[in-house]
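A short write-up of the structure that comes next.
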Amino acid sequence: MSRPPLLQIVPLAALTGVGMLATDLYLPALPHLAHDLGSDVPAVQATISSFMIALALSQLLWGALADKLGMRNTLLAGVALLAVTGVACALAEDVDALIIYRTVQGIGAGAATVVVPVLLRRRFADADAIRAISWVSIAESVIPAVAPVIGTGILLVSGWRSNFWLVAVLALALLPFILKLVPGRQVLHDADETVSYAVLLRNRVYLRDAAVYGLTFGALVTFVASAPHLIEQWSGRGPGAFALMQVCGVSSFIIAASRAGAMAHRCGTFKLMNAGAIVQLISVAGLIALGLLDQRHVAPLIGCWMLFCAGLGLRGPSTVTRALSVPKSLTSLASGFLMFLALTLSGVGTQIAGFLLHRGLLPVALLVAAMILASMVLQKDAPAPH
């Protein structure tokens, strides 16, 4: 199949999108949520951190369960958890209950992030899989930019609880697509074949590709998490500048990712990964130069960020595709560990950046550059990780 049909890809991309909506949609409501539940800011922030921790750890859980339950049953279980916890969050009477419900919701959201890349990788050949995963990545990049705007409108019209009701409704609406598009239980390995994370982690080629993606994704999240503080403290601009940076970065990512599949057809997966890495290296070199020269203008900062996101649009889907080129019996475990590693490195990078922010752009740029350089050292042309 030379061009994967969007009618198959979009519903699968929507599965990961609803999980992301569960957080991005209610971000504007956090101050109101604290007031309504009679709580404080740290407790309300815990509704986000508990979700993210559960999401990261759940990757390993769903990776193992997908092999035992099958792709369809795993997705149905995850979507059911999203729907049930959406209702529970909407009805929560205190912040402690909300934190518990959000933790379970994070577990539910993790099913799609594990299963969807596996489905696409198994269904399509290399270049077509890159195109399919690119569209999932596009959905994942658009939602953080658009969801807070929608959430603000919902907040003004009907209050913060409606955001969780919406998540529950959207999750239930996806059930027919899962039943139609996702195959039932498949036997992917012989009864006497050992399928475990121990077997997977002995695959050095897979580990290298997983580390490349984890470092690249971690560099992205590290800078995004640092950008609001940098823009306000280093350049003296307000939240509007950060919003503009996000819109420009997402647009750049969409353009690059939408062309990744076609470029992979022409030049191959590894050359596409290399091209993306070089673009990212140029972008972080620009960030370092801005820091060294103490140029506190937002325009060149946004320009460098657009380059970085374009590089990720080329590099991210192709790296995921190659990392999941393991034997079929290991793909669900491979997807679970891949996302677990990416989320973990994102958390580590963000935490380290928190100690550097008071020194301005340069140390954060150096941290991001170190992550990109490390990923380039690990990135090598290699056969599929059998």
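Letters A, B, ... mark the chains of the structure tokens in the order given; residue numbers begin at 1 per chain; ligand numbers begin at 1, in order shown.
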Practice task
Excluding Pro228 in chain A and any residue of its chain fewer than 2 positions from it, enumerate the residues within 10 Å of it, using only C-alpha atoms, and give them as a ChimeraX atom specification.
Solution key: /A:223-226,230-234,237-243,245
Practice task
Using only C-alpha atoms, determine which residues lie at most 7 Å from range 267-271 of chain A, disregarding the query and same-chain residues fewer than 3 positions distant; provide the list as a PyMOL selection string.
Solution key: chain A and resi 263-264+274-275+318+381
Per-residue nearest contacts of range 61-81 of chain A to range 14-25 of chain A (10 Å; only C-alpha atoms) as JSON lines:
{"residue": "A:Leu75", "atom": "CA", "partner": "A:Leu15", "partner_atom": "CA", "distance": 8.6}
{"residue": "A:Gly78", "atom": "CA", "partner": "A:Gly19", "partner_atom": "CA", "distance": 9.4}
{"residue": "A:Val79", "atom": "CA", "partner": "A:Leu15", "partner_atom": "CA", "distance": 8.0}
Problem - Those of range 127-242 of chain A in DSSP alpha helix (DSSP H), formatted as an MDAnalysis selection string - result: chainID A and resid 127:158 161:173 175:181 197:200 204:229 239:242
Problem - For range 122-127 of chain A: contacts at 8 Å, only C-alpha atoms, fewer than 4 positions along chain excluded, given as an NGL selection string - result: :A and (1 or 4 or 118 or 131 or 261-262 or 264-265 or 268-269 or 321-322 or 328)
Handout entry: Contacts of range 283-294 of chain A at 12 Å (only C-alpha atoms; same-chain gap of 5+ positions) as a PyMOL selection string
Key = chain A and resi 219-220+223+227+230+234-235+276-278+299-312+359-373
Residue selection dump (N, CA and C atoms) as a short mmCIF file (atom, residue, chain, number, x, y, z; two decimals), in the first residue's frame:
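Written file, result_32.cif:
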data_model
loop_
_atom_site.label_atom_id
_atom_site.label_comp_id
_atom_site.auth_asym_id
_atom_site.auth_seq_id
_atom_site.Cartn_x
_atom_site.Cartn_y
_atom_site.Cartn_z
N ALA A 219 14.47 16.09 24.86
CA ALA A 219 14.98 17.43 24.58
C ALA A 219 13.83 18.38 24.25
N LEU A 220 12.87 17.89 23.49
CA LEU A 220 11.70 18.70 23.15
C LEU A 220 10.94 19.14 24.40
N PHE A 223 12.78 21.68 26.72
CA PHE A 223 12.76 23.08 26.30
C PHE A 223 11.36 23.69 26.40
N ALA A 227 10.51 27.01 28.46
CA ALA A 227 10.29 28.19 27.62
C ALA A 227 9.47 29.30 28.30
N LEU A 230 11.80 31.16 30.55
CA LEU A 230 12.85 31.84 29.79
C LEU A 230 12.30 33.09 29.10
N TRP A 234 14.00 35.96 30.82
CA TRP A 234 15.18 36.26 30.02
C TRP A 234 14.90 37.32 28.97
N SER A 235 13.73 37.24 28.33
CA SER A 235 13.43 38.22 27.27
C SER A 235 12.47 39.31 27.72
N GLY A 276 16.93 14.96 9.93
CA GLY A 276 16.27 15.58 11.07
C GLY A 276 17.25 15.91 12.18
N ALA A 277 18.23 15.03 12.41
CA ALA A 277 19.22 15.27 13.45
C ALA A 277 20.08 16.49 13.13
N ILE A 278 20.46 16.64 11.87
CA ILE A 278 21.28 17.79 11.46
C ILE A 278 20.50 19.09 11.64
N ALA A 299 12.14 36.85 18.38
CA ALA A 299 12.06 36.39 16.99
C ALA A 299 13.11 35.33 16.65
N PRO A 300 14.40 35.55 16.93
CA PRO A 300 15.38 34.49 16.62
C PRO A 300 15.18 33.25 17.49
N LEU A 301 14.68 33.42 18.70
CA LEU A 301 14.39 32.28 19.55
C LEU A 301 13.31 31.40 18.92
N ILE A 302 12.28 32.05 18.42
CA ILE A 302 11.20 31.32 17.76
C ILE A 302 11.70 30.65 16.48
N GLY A 303 12.57 31.35 15.75
CA GLY A 303 13.14 30.77 14.54
C GLY A 303 13.91 29.49 14.83
N CYS A 304 14.73 29.51 15.89
CA CYS A 304 15.47 28.31 16.27
C CYS A 304 14.53 27.19 16.68
N TRP A 305 13.46 27.56 17.39
CA TRP A 305 12.50 26.55 17.84
C TRP A 305 11.77 25.92 16.66
N MET A 306 11.45 26.71 15.66
CA MET A 306 10.80 26.17 14.47
C MET A 306 11.70 25.16 13.78
N LEU A 307 12.99 25.46 13.71
CA LEU A 307 13.95 24.51 13.12
C LEU A 307 13.98 23.22 13.92
N PHE A 308 14.01 23.34 15.24
CA PHE A 308 14.06 22.17 16.10
C PHE A 308 12.84 21.28 15.87
N CYS A 309 11.67 21.89 15.82
CA CYS A 309 10.44 21.12 15.64
C CYS A 309 10.37 20.49 14.25
N ALA A 310 10.89 21.19 13.24
CA ALA A 310 10.95 20.61 11.90
C ALA A 310 11.85 19.39 11.89
N GLY A 311 12.98 19.47 12.58
CA GLY A 311 13.88 18.33 12.67
C GLY A 311 13.21 17.15 13.35
N LEU A 312 12.44 17.43 14.40
CA LEU A 312 11.72 16.35 15.08
C LEU A 312 10.65 15.75 14.18
N ARG A 359 19.72 31.02 35.43
CA ARG A 359 20.92 31.48 34.72
C ARG A 359 20.64 31.88 33.28
N GLY A 360 19.39 31.80 32.85
CA GLY A 360 19.03 32.26 31.52
C GLY A 360 19.03 31.17 30.46
N LEU A 361 19.11 31.58 29.21
CA LEU A 361 18.95 30.67 28.08
C LEU A 361 20.13 29.72 27.90
N LEU A 362 21.35 30.20 28.09
CA LEU A 362 22.54 29.42 27.72
C LEU A 362 22.60 28.04 28.37
N PRO A 363 22.49 27.91 29.69
CA PRO A 363 22.60 26.57 30.28
C PRO A 363 21.49 25.61 29.83
N VAL A 364 20.28 26.14 29.63
CA VAL A 364 19.19 25.29 29.14
C VAL A 364 19.49 24.85 27.71
N ALA A 365 19.98 25.78 26.89
CA ALA A 365 20.34 25.44 25.51
C ALA A 365 21.44 24.38 25.48
N LEU A 366 22.42 24.50 26.38
CA LEU A 366 23.50 23.51 26.44
C LEU A 366 22.97 22.14 26.86
N LEU A 367 22.01 22.13 27.78
CA LEU A 367 21.40 20.85 28.20
C LEU A 367 20.67 20.20 27.03
N VAL A 368 19.87 20.97 26.32
CA VAL A 368 19.15 20.43 25.16
C VAL A 368 20.13 19.97 24.09
N ALA A 369 21.19 20.75 23.87
CA ALA A 369 22.21 20.37 22.88
C ALA A 369 22.89 19.06 23.28
N ALA A 370 23.17 18.88 24.57
CA ALA A 370 23.81 17.65 25.03
C ALA A 370 22.92 16.44 24.75
N MET A 371 21.60 16.60 24.91
CA MET A 371 20.68 15.49 24.65
C MET A 371 20.64 15.17 23.16
N ILE A 372 20.65 16.21 22.32
CA ILE A 372 20.63 15.98 20.87
C ILE A 372 21.95 15.36 20.41
N LEU A 373 23.07 15.85 20.93
CA LEU A 373 24.37 15.28 20.54
C LEU A 373 24.47 13.82 20.97
#
Exercise for the section: Can you pull out every residue within 8 Å of Ile99 in chain A, counting only C-alpha atoms, but drop anything in the same chain fewer than 4 positions away, and send it as a ChimeraX atom specification? Expected result: /A:46-47,50,95,103
Residues from last step as file, N, CA and C atoms, as a PDB file, in the first residue's frame:
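Full text of result_16.pdb as output:
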ATOM      1  N   ALA A  46      -0.797  18.487  41.727  1.00  0.00           N
ATOM      2  CA  ALA A  46      -0.631  17.044  41.855  1.00  0.00           C
ATOM      3  C   ALA A  46      -1.601  16.275  40.965  1.00  0.00           C
ATOM      4  N   THR A  47      -2.695  16.902  40.555  1.00  0.00           N
ATOM      5  CA  THR A  47      -3.615  16.226  39.629  1.00  0.00           C
ATOM      6  C   THR A  47      -2.976  16.060  38.255  1.00  0.00           C
ATOM      7  N   SER A  50       0.376  13.407  39.024  1.00  0.00           N
ATOM      8  CA  SER A  50      -0.070  12.024  39.244  1.00  0.00           C
ATOM      9  C   SER A  50      -0.463  11.367  37.930  1.00  0.00           C
ATOM     10  N   VAL A  95     -10.156  17.373  46.332  1.00  0.00           N
ATOM     11  CA  VAL A  95      -8.959  17.251  45.507  1.00  0.00           C
ATOM     12  C   VAL A  95      -8.277  15.907  45.696  1.00  0.00           C
ATOM     13  N   THR A 103      -4.924   9.630  38.590  1.00  0.00           N
ATOM     14  CA  THR A 103      -3.904   8.587  38.509  1.00  0.00           C
ATOM     15  C   THR A 103      -4.398   7.413  37.667  1.00  0.00           C
TER      16      THR A 103
END
Handout entry: Distance query range 344-352 of chain A at most 7 Å, only C-alpha atoms, self and fewer than 3 positions along chain excluded, as an MDAnalysis selection string
Key = chainID A and resid 56 214:215 217:219 221:222 225 340:341 355:356
Fill in the blank from the handout: Between CA of Thr74 in chain A and CA of Val212 in chain A lies a distance of 27.0 Å
Practice task
Go ahead and compute the interatomic distance for CA of Pro28 in chain A and CA of Leu155 in chain A, in Å to one decimal.
Solution key: 7.8 Å
Exercise for the section: Return the single residue from A:Pro31, A:Gly110, A:Pro176, A:Gly313 that is closest to Gln59 in chain A, with distances computed using only C-alpha atoms. Expected result: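 Ranking A:Pro31, A:Gly110, A:Pro176, A:Gly313 by distance to Gln59 in chain A, first place goes to A:Gly110.
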Handout entry: Point-to-point distance in Å for CA of Leu120 in chain A and CA of Val84 in chain A
Key =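 It comes out at 26.8 Å.
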Handout entry: Shell around range 33-44 of chain A at 9 Å using only C-alpha atoms, local window under 3 positions removed, as a list in words
Key = Ala29, Leu30, Thr47, Ile48, Ala92, Glu93, Asp94, Val95, Asp96, Leu98, Ile99, Trp160 and Arg161 of chain A
Exercise for the section: Have a look at A:Ala168, A:Val320, A:Val195, A:Leu333 and name the one nearest to Ala111 in chain A; count only C-alpha atoms. Expected result: A:Leu333
